$ cat structure13.txt   # compact mmCIF, C-alpha atoms (C1' of nucleotides)
# COMPACT_ATOMS: atom_id res chain seq x y z
CA MET A 1 8.48 55.74 -74.74
CA PRO A 2 9.76 57.16 -71.55
CA GLU A 3 7.56 58.47 -68.83
CA LEU A 4 7.24 56.97 -65.40
CA PRO A 5 4.60 54.33 -66.20
CA GLU A 6 6.52 53.07 -69.23
CA VAL A 7 9.85 52.87 -67.39
CA GLU A 8 8.13 51.20 -64.43
CA THR A 9 6.75 48.59 -66.83
CA VAL A 10 10.14 48.10 -68.45
CA ALA A 11 11.84 47.59 -65.08
CA ARG A 12 9.22 45.11 -63.86
CA ARG A 13 9.27 43.02 -67.01
CA LEU A 14 13.04 43.04 -67.15
CA ALA A 15 13.27 42.07 -63.48
CA ALA A 16 10.96 39.12 -64.09
CA HIS A 17 13.03 37.76 -66.97
CA ALA A 18 16.62 38.88 -66.45
CA THR A 19 17.21 38.71 -62.69
CA GLY A 20 20.03 36.29 -61.90
CA ARG A 21 21.17 36.03 -65.51
CA ARG A 22 24.79 36.44 -66.46
CA ILE A 23 25.94 38.71 -69.27
CA LEU A 24 27.95 36.63 -71.74
CA ALA A 25 28.52 39.19 -74.48
CA VAL A 26 27.72 42.79 -75.33
CA HIS A 27 27.03 43.99 -78.87
CA VAL A 28 27.02 47.76 -79.40
CA LEU A 29 25.53 48.62 -82.79
CA ASP A 30 25.49 52.41 -82.42
CA GLU A 31 28.70 54.40 -82.24
CA LYS A 32 26.97 57.03 -80.11
CA GLN A 33 26.86 54.58 -77.22
CA ASP A 34 29.91 54.05 -75.01
CA GLY A 35 31.11 50.71 -76.33
CA VAL A 36 34.16 50.66 -74.06
CA ALA A 37 32.16 51.07 -70.87
CA LEU A 38 29.51 48.59 -72.01
CA ALA A 39 32.12 45.96 -72.95
CA ARG A 40 33.20 45.87 -69.29
CA LEU A 41 29.80 44.41 -68.35
CA VAL A 42 30.68 41.01 -69.77
CA GLY A 43 30.78 38.42 -66.98
CA ASN A 44 28.55 40.43 -64.63
CA ARG A 45 25.34 39.02 -63.24
CA ILE A 46 22.07 40.97 -63.12
CA ALA A 47 21.10 41.19 -59.43
CA THR A 48 18.09 43.49 -59.55
CA VAL A 49 16.30 45.84 -61.93
CA ARG A 50 14.62 48.99 -60.70
CA ARG A 51 13.22 52.29 -61.91
CA MET A 52 14.85 55.49 -60.69
CA GLY A 53 13.03 58.53 -62.03
CA LYS A 54 12.78 57.93 -65.77
CA GLN A 55 15.78 55.62 -65.83
CA CYS A 56 15.81 51.85 -65.71
CA VAL A 57 18.73 50.73 -63.54
CA LEU A 58 20.25 47.23 -63.61
CA GLU A 59 22.26 46.42 -60.51
CA LEU A 60 25.10 44.11 -61.46
CA ARG A 61 27.34 41.80 -59.43
CA ARG A 62 30.82 41.16 -60.61
CA PRO A 63 32.03 37.56 -60.56
CA ARG A 64 33.71 36.37 -57.33
CA ARG A 65 33.31 39.81 -55.74
CA ARG A 66 30.39 39.79 -53.41
CA HIS A 67 30.28 43.42 -52.41
CA VAL A 68 31.64 45.27 -55.39
CA GLU A 69 28.77 46.46 -57.49
CA ARG A 70 28.15 48.22 -60.71
CA TYR A 71 25.07 49.72 -62.30
CA LEU A 72 23.84 49.95 -65.85
CA ALA A 73 21.44 52.89 -66.22
CA VAL A 74 19.25 53.15 -69.28
CA HIS A 75 17.56 56.42 -70.18
CA LEU A 76 15.08 55.80 -72.98
CA ARG A 77 14.57 59.48 -73.86
CA MET A 78 12.10 59.86 -76.75
CA THR A 79 12.02 56.54 -78.57
CA GLY A 80 14.03 54.04 -76.55
CA HIS A 81 12.71 50.56 -75.81
CA LEU A 82 14.31 48.02 -73.51
CA TYR A 83 13.20 44.45 -73.05
CA TRP A 84 14.18 40.84 -72.60
CA ALA A 85 13.70 38.38 -75.46
CA ASP A 86 14.57 34.76 -76.00
CA ALA A 87 15.28 35.39 -79.67
CA LEU A 88 15.89 38.35 -81.95
CA PRO A 89 12.75 40.01 -83.33
CA ASP A 90 12.16 40.06 -87.08
CA ASP A 91 12.74 43.79 -87.37
CA VAL A 92 16.13 44.81 -85.96
CA ARG A 93 16.47 48.14 -87.82
CA HIS A 94 16.50 50.16 -84.60
CA LEU A 95 18.41 47.72 -82.44
CA ARG A 96 21.29 49.68 -80.85
CA VAL A 97 22.60 47.46 -78.04
CA ARG A 98 22.26 43.76 -77.34
CA LEU A 99 23.29 42.00 -74.12
CA ASP A 100 23.54 38.25 -74.60
CA LEU A 101 22.65 36.45 -71.37
CA ASP A 102 23.07 32.85 -70.28
CA ARG A 103 19.38 32.64 -71.11
CA GLY A 104 17.92 35.05 -73.67
CA MET A 105 19.03 38.62 -74.27
CA VAL A 106 18.35 42.20 -73.32
CA LEU A 107 17.60 44.41 -76.32
CA PHE A 108 17.81 48.18 -76.50
CA GLU A 109 16.05 49.66 -79.51
CA ASP A 110 15.95 53.38 -80.26
CA LEU A 111 14.75 54.92 -83.49
CA ARG A 112 16.01 58.44 -82.82
CA ARG A 113 19.13 57.42 -80.90
CA PHE A 114 18.62 59.94 -78.08
CA GLY A 115 18.61 57.23 -75.41
CA ARG A 116 21.72 56.48 -73.36
CA LEU A 117 23.20 53.49 -71.57
CA THR A 118 25.64 54.52 -68.85
CA VAL A 119 27.75 52.50 -66.42
CA HIS A 120 28.12 53.64 -62.80
CA GLU A 121 30.07 52.47 -59.77
CA ASP A 122 27.59 53.78 -57.20
CA LEU A 123 23.89 54.44 -56.89
CA ALA A 124 24.27 57.91 -55.43
CA SER A 125 25.14 59.42 -58.79
CA LEU A 126 21.87 58.03 -60.17
CA GLU A 127 19.61 59.19 -57.36
CA PRO A 128 17.14 61.62 -58.91
CA VAL A 129 16.93 65.13 -57.46
CA GLY A 130 13.16 65.42 -57.70
CA LEU A 131 10.49 63.64 -55.69
CA ASP A 132 9.02 60.41 -57.03
CA PRO A 133 5.24 60.93 -57.11
CA THR A 134 4.52 57.21 -56.65
CA THR A 135 6.18 57.13 -53.21
CA ALA A 136 4.66 57.81 -49.78
CA ASP A 137 6.79 60.97 -49.58
CA PHE A 138 4.61 62.54 -52.24
CA THR A 139 1.96 64.20 -50.09
CA THR A 140 -0.14 67.31 -50.68
CA ALA A 141 2.11 69.08 -48.19
CA ALA A 142 5.23 68.02 -50.12
CA LEU A 143 3.63 69.17 -53.36
CA HIS A 144 2.77 72.47 -51.71
CA ARG A 145 6.40 72.98 -50.69
CA LEU A 146 7.64 72.17 -54.19
CA LEU A 147 5.19 74.51 -55.91
CA ALA A 148 6.22 77.22 -53.43
CA ASP A 149 5.84 80.56 -55.15
CA SER A 150 6.82 79.44 -58.64
CA ARG A 151 5.53 81.71 -61.37
CA GLN A 152 6.18 79.07 -64.03
CA PRO A 153 3.07 77.75 -65.82
CA ILE A 154 2.01 74.50 -64.19
CA LYS A 155 2.28 72.35 -67.34
CA PRO A 156 5.99 72.95 -68.01
CA TRP A 157 6.50 72.90 -64.23
CA LEU A 158 5.24 69.31 -64.15
CA LEU A 159 7.89 68.35 -66.69
CA ARG A 160 10.72 69.58 -64.44
CA GLN A 161 12.63 66.55 -63.23
CA ASP A 162 14.23 68.56 -60.41
CA ARG A 163 10.80 68.94 -58.75
CA LEU A 164 8.83 65.76 -59.50
CA VAL A 165 10.44 62.92 -61.42
CA GLY A 166 8.79 60.78 -64.03
CA LEU A 167 6.18 63.01 -65.63
CA GLY A 168 6.43 63.70 -69.36
CA ASN A 169 4.38 65.38 -72.03
CA ILE A 170 1.55 62.86 -72.19
CA TYR A 171 0.84 62.50 -68.48
CA ALA A 172 1.29 66.21 -67.68
CA SER A 173 -1.66 67.07 -69.93
CA GLU A 174 -3.71 64.12 -68.68
CA ILE A 175 -3.08 64.98 -65.03
CA LEU A 176 -4.07 68.64 -65.47
CA PHE A 177 -7.25 67.60 -67.25
CA ALA A 178 -8.10 65.20 -64.43
CA ALA A 179 -7.36 67.95 -61.88
CA ARG A 180 -9.41 70.49 -63.88
CA ILE A 181 -6.56 73.00 -63.85
CA LEU A 182 -5.60 75.06 -66.90
CA PRO A 183 -2.04 74.37 -68.06
CA ASP A 184 -1.01 78.03 -68.12
CA ARG A 185 -1.84 78.66 -64.46
CA ALA A 186 1.22 79.78 -62.49
CA ALA A 187 2.40 76.81 -60.41
CA GLY A 188 2.56 78.87 -57.22
CA SER A 189 -0.92 80.31 -57.71
CA LEU A 190 -2.83 77.09 -57.04
CA ASP A 191 -5.03 77.26 -53.97
CA ALA A 192 -5.34 74.46 -51.42
CA GLY A 193 -8.24 72.80 -53.21
CA GLU A 194 -6.43 72.87 -56.53
CA ARG A 195 -3.28 71.46 -54.98
CA ARG A 196 -5.32 68.63 -53.51
CA ARG A 197 -6.85 67.90 -56.91
CA LEU A 198 -3.45 68.02 -58.58
CA HIS A 199 -1.99 65.62 -56.02
CA ARG A 200 -4.89 63.24 -56.33
CA ALA A 201 -4.91 63.37 -60.15
CA THR A 202 -1.16 62.74 -60.32
CA ARG A 203 -1.42 59.62 -58.23
CA GLN A 204 -4.54 58.41 -59.99
CA ILE A 205 -3.30 58.90 -63.56
CA LEU A 206 0.06 57.30 -62.80
CA ARG A 207 -1.60 54.37 -61.06
CA ARG A 208 -3.95 53.75 -63.98
CA ALA A 209 -1.17 54.14 -66.52
CA ILE A 210 1.08 51.70 -64.67
CA ASP A 211 -1.81 49.24 -64.44
CA ALA A 212 -2.26 49.61 -68.21
CA ALA A 213 1.51 49.16 -68.86
CA GLY A 214 1.78 52.71 -70.16
CA THR A 215 0.86 54.44 -73.39
CA THR A 216 3.88 53.95 -75.62
CA TYR A 217 5.34 50.79 -74.12
CA TYR A 218 5.97 47.74 -76.23
CA ALA A 219 8.07 44.63 -75.87
CA LEU A 220 8.35 41.08 -77.04
CA GLU A 221 6.76 38.35 -74.91
CA ALA A 222 7.06 34.78 -76.16
CA GLY A 223 7.78 36.07 -79.64
CA ARG A 224 4.73 38.34 -79.75
CA ARG A 225 4.58 42.12 -79.50
CA VAL A 226 2.83 43.27 -76.34
CA ARG A 227 2.05 46.90 -75.66
CA GLY A 228 0.64 49.22 -73.05
CA THR A 229 -3.03 50.12 -73.39
CA PHE A 230 -3.30 53.48 -71.61
CA ARG A 231 -3.80 55.10 -75.02
CA GLU A 232 -7.41 53.93 -74.78
CA GLN A 233 -7.83 55.96 -71.59
CA LEU A 234 -6.30 59.23 -72.83
CA ALA A 235 -8.76 62.08 -72.32
CA VAL A 236 -6.97 64.97 -74.08
CA TYR A 237 -3.45 64.10 -75.28
CA GLY A 238 -3.39 64.12 -79.08
CA GLN A 239 -7.16 64.69 -79.22
CA ASP A 240 -7.39 68.33 -80.30
CA GLY A 241 -10.67 68.99 -82.07
CA ASP A 242 -12.44 66.06 -80.42
CA ALA A 243 -15.28 66.71 -77.99
CA CYS A 244 -14.21 66.80 -74.35
CA ARG A 245 -15.53 63.69 -72.64
CA ARG A 246 -16.57 65.77 -69.62
CA CYS A 247 -18.22 68.87 -71.09
CA GLY A 248 -18.33 68.41 -74.87
CA GLU A 249 -16.26 71.48 -75.72
CA PRO A 250 -13.56 70.82 -78.31
CA VAL A 251 -10.20 69.78 -76.86
CA ARG A 252 -7.53 72.37 -77.66
CA ARG A 253 -3.84 72.21 -78.39
CA SER A 254 -1.39 74.93 -77.40
CA VAL A 255 2.40 75.15 -77.24
CA GLN A 256 4.27 75.80 -74.00
CA ALA A 257 8.05 75.69 -73.74
CA GLN A 258 8.14 74.30 -77.29
CA ARG A 259 6.00 71.31 -76.32
CA SER A 260 2.39 70.56 -77.23
CA THR A 261 -0.17 70.87 -74.45
CA TYR A 262 -3.71 69.49 -74.69
CA TYR A 263 -6.55 70.76 -72.53
CA CYS A 264 -10.22 71.65 -72.37
CA ALA A 265 -11.02 75.33 -71.89
CA GLY A 266 -14.57 74.38 -70.95
CA CYS A 267 -13.85 72.49 -67.75
CA GLN A 268 -10.28 73.30 -66.75
CA GLU A 269 -9.76 76.51 -64.76
C1' DA B 1 10.72 83.44 -71.56
C1' DC B 2 12.71 82.31 -76.21
C1' DC B 3 15.78 79.63 -79.44
C1' DC B 4 18.47 75.48 -81.00
C1' DT B 5 20.50 70.70 -81.04
C1' DC B 6 20.78 65.77 -80.77
C1' DC B 7 18.20 61.83 -84.59
C1' DT B 8 14.84 59.31 -87.75
C1' DG B 9 10.55 58.61 -88.94
C1' DT B 10 5.31 59.54 -90.06
C1' DC B 11 1.65 62.21 -91.59
C1' DA B 12 -1.11 66.12 -93.64
C1' DT C 1 7.73 69.93 -98.21
C1' DG C 2 7.13 71.12 -93.64
C1' DA C 3 5.30 70.13 -89.06
C1' DC C 4 5.67 67.26 -85.45
C1' DA C 5 7.00 63.29 -82.24
C1' DG C 6 7.56 59.99 -75.42
C1' DG C 7 13.33 64.02 -73.43
C1' DA C 8 16.79 66.88 -72.03
C1' DG C 9 20.68 69.93 -72.37
C1' DG C 10 22.61 74.03 -74.01
C1' DG C 11 22.65 79.13 -75.23
C1' DT C 12 20.79 83.90 -75.11

$ encode --input "structure13.txt" --output "structure tokens"
Amino acid sequence: MPELPEVETVARRLAAHATGRRILAVHVLDEKQDGVALARLVGNRIATVRRMGKQCVLELRRPRRRHVERYLAVHLRMTGHLYWADALPDDVRHLRVRLDLDRGMVLFEDLRRFGRLTVHEDLASLEPVGLDPTTADFTTAALHRLLADSRQPIKPWLLRQDRLVGLGNIYASEILFAARILPDRAAGSLDAGERRRLHRATRQILRRAIDAAGTTYYALEAGRRVRGTFREQLAVYGQDGDACRRCGEPVRRSVQAQRSTYYCAGCQE
DNA sequence: ACCCTCCTGTCA
DNA sequence: TGACAGGAGGGT
């Protein structure tokens, strides 16, 4: 479930429920996770929760040590889910890690087990290389500098976390549709007007997706499953064969860098 | 640019 | 039975 809007939602919900809570026990149910590192979190208190790139980072305070900090970073990869709950859900088949708190618990579920929980002693090692497109630093000029003279097709370019952080396969297609730019255009070939449209579309799609709590997000709230609703606003992703909502041409699917891309050849140039 | 791997599941 | 799935890292 992991693109920027989903991780942003995860971090906000977790912050609302888990801030100030103390970790009483850690249960690691997947041998691929670092049980030794995670066991050391027992006794720590959750100070803040934030999103950094596509990772959800819990800042922890160790007991009786005001300034010594520690960070738990969670990368959800393809199918990870992370949320607070006051009781275990009915279906725990994909539960991989459980943090018992002094009130409730933090659950990490992951069907495909690609996600990773890592423990860090400083924030610097977690700082993403790429620019976060939701920040004020993301300007058309900054985008221009990043695109530079790249000959890479713009769709796979948008997935590069060393340029912009947070975009994934769903939002890359949606952003290019909104910007009316074909996904196979060379990143460095966009003219000033196209760069402006790309910048604007990136901010707009991410804003709407965050407001909708994402496309693939789900969690438990008061015992009920809640999920993001951006799926209802998708214009092209997963819609090949359907009529384009803008021009009526059929939406197409192609493959770039081994990933599906969805676009409309009628109104994207 | 291409290929593959890590995993487990759903769908045509 | 095979194709494909929110990500990313590796190899050639």

$ closest_atom_pairs --input "structure13.txt" --of "chain C" --to "chain A" --cutoff "9 Å" --atoms "all atoms listed in the file" --output "CSV"
residue,atom,partner,partner_atom,distance
C:DA5,C1',A:Met78,CA,8.2
C:DG6,C1',A:Met1,CA,4.4
C:DG7,C1',A:Arg77,CA,4.7
C:DA8,C1',A:Arg77,CA,7.9

$ interface_residues --input "structure13.txt" --of "chain B" --to "chain A" --cutoff "7 Å" --atoms "all atoms listed in the file" --output "list in words"
DC6, DC7 and DT8 of chain B

$ atom_distance --input "structure13.txt" --atom1 "atom CA of A:Tyr83" --atom2 "atom CA of A:Gly35"
19.3 Å

$ residues_around --input "structure13.txt" --residues "C:DG10" --least-positions-apart "6" --cutoff "12 Å" --atoms "only C-alpha atoms (C1' of nucleotides)" --output "PyMOL selection string"
chain B and resi 3-6

$ closest_residue --input "structure13.txt" --among "A:Gln204, A:Thr134, A:Thr118, A:Thr9" --to "A:Leu41" --atoms "all atoms listed in the file"
A:Thr118

$ residues_near_point --input "structure13.txt" --point "(1.2, 56.7, -71.6)" --cutoff "12 Å" --atoms "all atoms listed in the file" --output "compact mmCIF listing (two decimals) with C-alpha atoms (C1' of nucleotides), in the frame of the given file"
# COMPACT_ATOMS: atom_id res chain seq x y z
CA MET A 1 8.48 55.74 -74.74
CA PRO A 2 9.76 57.16 -71.55
CA GLU A 3 7.56 58.47 -68.83
CA LEU A 4 7.24 56.97 -65.40
CA PRO A 5 4.60 54.33 -66.20
CA GLU A 6 6.52 53.07 -69.23
CA VAL A 7 9.85 52.87 -67.39
CA GLU A 8 8.13 51.20 -64.43
CA THR A 9 6.75 48.59 -66.83
CA GLY A 166 8.79 60.78 -64.03
CA LEU A 167 6.18 63.01 -65.63
CA GLY A 168 6.43 63.70 -69.36
CA ASN A 169 4.38 65.38 -72.03
CA ILE A 170 1.55 62.86 -72.19
CA TYR A 171 0.84 62.50 -68.48
CA ALA A 172 1.29 66.21 -67.68
CA SER A 173 -1.66 67.07 -69.93
CA GLU A 174 -3.71 64.12 -68.68
CA ILE A 175 -3.08 64.98 -65.03
CA ILE A 205 -3.30 58.90 -63.56
CA LEU A 206 0.06 57.30 -62.80
CA ARG A 207 -1.60 54.37 -61.06
CA ARG A 208 -3.95 53.75 -63.98
CA ALA A 209 -1.17 54.14 -66.52
CA ILE A 210 1.08 51.70 -64.67
CA ASP A 211 -1.81 49.24 -64.44
CA ALA A 212 -2.26 49.61 -68.21
CA ALA A 213 1.51 49.16 -68.86
CA GLY A 214 1.78 52.71 -70.16
CA THR A 215 0.86 54.44 -73.39
CA THR A 216 3.88 53.95 -75.62
CA TYR A 217 5.34 50.79 -74.12
CA TYR A 218 5.97 47.74 -76.23
CA ARG A 227 2.05 46.90 -75.66
CA GLY A 228 0.64 49.22 -73.05
CA THR A 229 -3.03 50.12 -73.39
CA PHE A 230 -3.30 53.48 -71.61
CA ARG A 231 -3.80 55.10 -75.02
CA GLU A 232 -7.41 53.93 -74.78
CA GLN A 233 -7.83 55.96 -71.59
CA LEU A 234 -6.30 59.23 -72.83
CA ALA A 235 -8.76 62.08 -72.32
CA VAL A 236 -6.97 64.97 -74.08
CA TYR A 237 -3.45 64.10 -75.28
CA GLY A 238 -3.39 64.12 -79.08
C1' DG C 6 7.56 59.99 -75.42

$ atom_distance --input "structure13.txt" --atom1 "atom CA of A:Asp90" --atom2 "atom CA of A:His17"
20.3 Å

$ residues_around --input "structure13.txt" --residues "stretch 23-33 of chain A" --least-positions-apart "6" --cutoff "12 Å" --atoms "all atoms listed in the file" --output "ChimeraX atom specification"
/A:39-47,58,60-63,72,74-75,92-119 /B:6-7

$ residues_around --input "structure13.txt" --residues "A:Arg195" --least-positions-apart "3" --cutoff "10 Å" --atoms "only C-alpha atoms (C1' of nucleotides)" --output "VMD selection string"
chain A and resid 140 to 141 143 to 144 147 179 181 187 to 192 198 to 201

$ residues_around --input "structure13.txt" --residues "C:DT1" --least-positions-apart "2" --cutoff "12 Å" --atoms "all atoms listed in the file" --output "CSV table (one decimal) with C-alpha atoms (C1' of nucleotides), keeping the file's coordinate frame"
chain,number,residue,atom,x,y,z
B,11,DC,C1',1.6,62.2,-91.6
B,12,DA,C1',-1.1,66.1,-93.6
C,3,DA,C1',5.3,70.1,-89.1

$ closest_residue --input "structure13.txt" --among "A:Gly193, A:Pro133, A:Gly248, A:Pro153" --to "B:DA1" --atoms "all atoms listed in the file"
A:Pro153

$ atom_distance --input "structure13.txt" --atom1 "atom C1' of B:DT10" --atom2 "atom CA of A:Arg253"
19.5 Å

$ build_atoms --input "structure13.txt" --residues "stretch 182-194 of chain A" --atoms "N, CA, C and O atoms" --output "mmCIF file, in the coordinates of the input"
data_model
loop_
_atom_site.group_PDB
_atom_site.id
_atom_site.type_symbol
_atom_site.label_atom_id
_atom_site.label_comp_id
_atom_site.auth_asym_id
_atom_site.auth_seq_id
_atom_site.Cartn_x
_atom_site.Cartn_y
_atom_site.Cartn_z
ATOM 1 N N LEU A 182 -6.125 74.620 -65.610
ATOM 2 C CA LEU A 182 -5.600 75.060 -66.900
ATOM 3 C C LEU A 182 -4.077 75.010 -66.898
ATOM 4 O O LEU A 182 -3.437 75.396 -65.915
ATOM 5 N N PRO A 183 -3.498 74.580 -68.012
ATOM 6 C CA PRO A 183 -2.040 74.370 -68.060
ATOM 7 C C PRO A 183 -1.212 75.656 -67.945
ATOM 8 O O PRO A 183 -0.031 75.583 -67.612
ATOM 9 N N ASP A 184 -1.813 76.807 -68.193
ATOM 10 C CA ASP A 184 -1.010 78.030 -68.120
ATOM 11 C C ASP A 184 -1.097 78.727 -66.755
ATOM 12 O O ASP A 184 -0.509 79.782 -66.553
ATOM 13 N N ARG A 185 -1.808 78.106 -65.814
ATOM 14 C CA ARG A 185 -1.840 78.660 -64.460
ATOM 15 C C ARG A 185 -0.437 78.664 -63.854
ATOM 16 O O ARG A 185 0.293 77.688 -63.979
ATOM 17 N N ALA A 186 -0.082 79.743 -63.179
ATOM 18 C CA ALA A 186 1.220 79.780 -62.490
ATOM 19 C C ALA A 186 1.224 78.706 -61.398
ATOM 20 O O ALA A 186 0.266 78.582 -60.635
ATOM 21 N N ALA A 187 2.329 77.938 -61.347
ATOM 22 C CA ALA A 187 2.400 76.810 -60.410
ATOM 23 C C ALA A 187 2.145 77.254 -58.973
ATOM 24 O O ALA A 187 1.429 76.588 -58.221
ATOM 25 N N GLY A 188 2.691 78.400 -58.596
ATOM 26 C CA GLY A 188 2.560 78.870 -57.220
ATOM 27 C C GLY A 188 1.217 79.505 -56.914
ATOM 28 O O GLY A 188 0.949 79.874 -55.764
ATOM 29 N N SER A 189 0.365 79.629 -57.926
ATOM 30 C CA SER A 189 -0.920 80.310 -57.710
ATOM 31 C C SER A 189 -2.045 79.348 -57.349
ATOM 32 O O SER A 189 -3.166 79.775 -57.101
ATOM 33 N N LEU A 190 -1.758 78.043 -57.334
ATOM 34 C CA LEU A 190 -2.830 77.090 -57.040
ATOM 35 C C LEU A 190 -3.256 77.180 -55.579
ATOM 36 O O LEU A 190 -2.408 77.227 -54.688
ATOM 37 N N ASP A 191 -4.557 77.203 -55.365
ATOM 38 C CA ASP A 191 -5.030 77.260 -53.970
ATOM 39 C C ASP A 191 -5.062 75.843 -53.389
ATOM 40 O O ASP A 191 -4.766 74.867 -54.079
ATOM 41 N N ALA A 192 -5.418 75.748 -52.128
ATOM 42 C CA ALA A 192 -5.340 74.460 -51.420
ATOM 43 C C ALA A 192 -6.195 73.390 -52.098
ATOM 44 O O ALA A 192 -5.770 72.236 -52.227
ATOM 45 N N GLY A 193 -7.375 73.778 -52.551
ATOM 46 C CA GLY A 193 -8.240 72.800 -53.210
ATOM 47 C C GLY A 193 -7.645 72.324 -54.517
ATOM 48 O O GLY A 193 -7.707 71.133 -54.848
ATOM 49 N N GLU A 194 -7.053 73.236 -55.253
ATOM 50 C CA GLU A 194 -6.430 72.870 -56.530
ATOM 51 C C GLU A 194 -5.200 71.991 -56.308
ATOM 52 O O GLU A 194 -4.955 71.046 -57.059
#
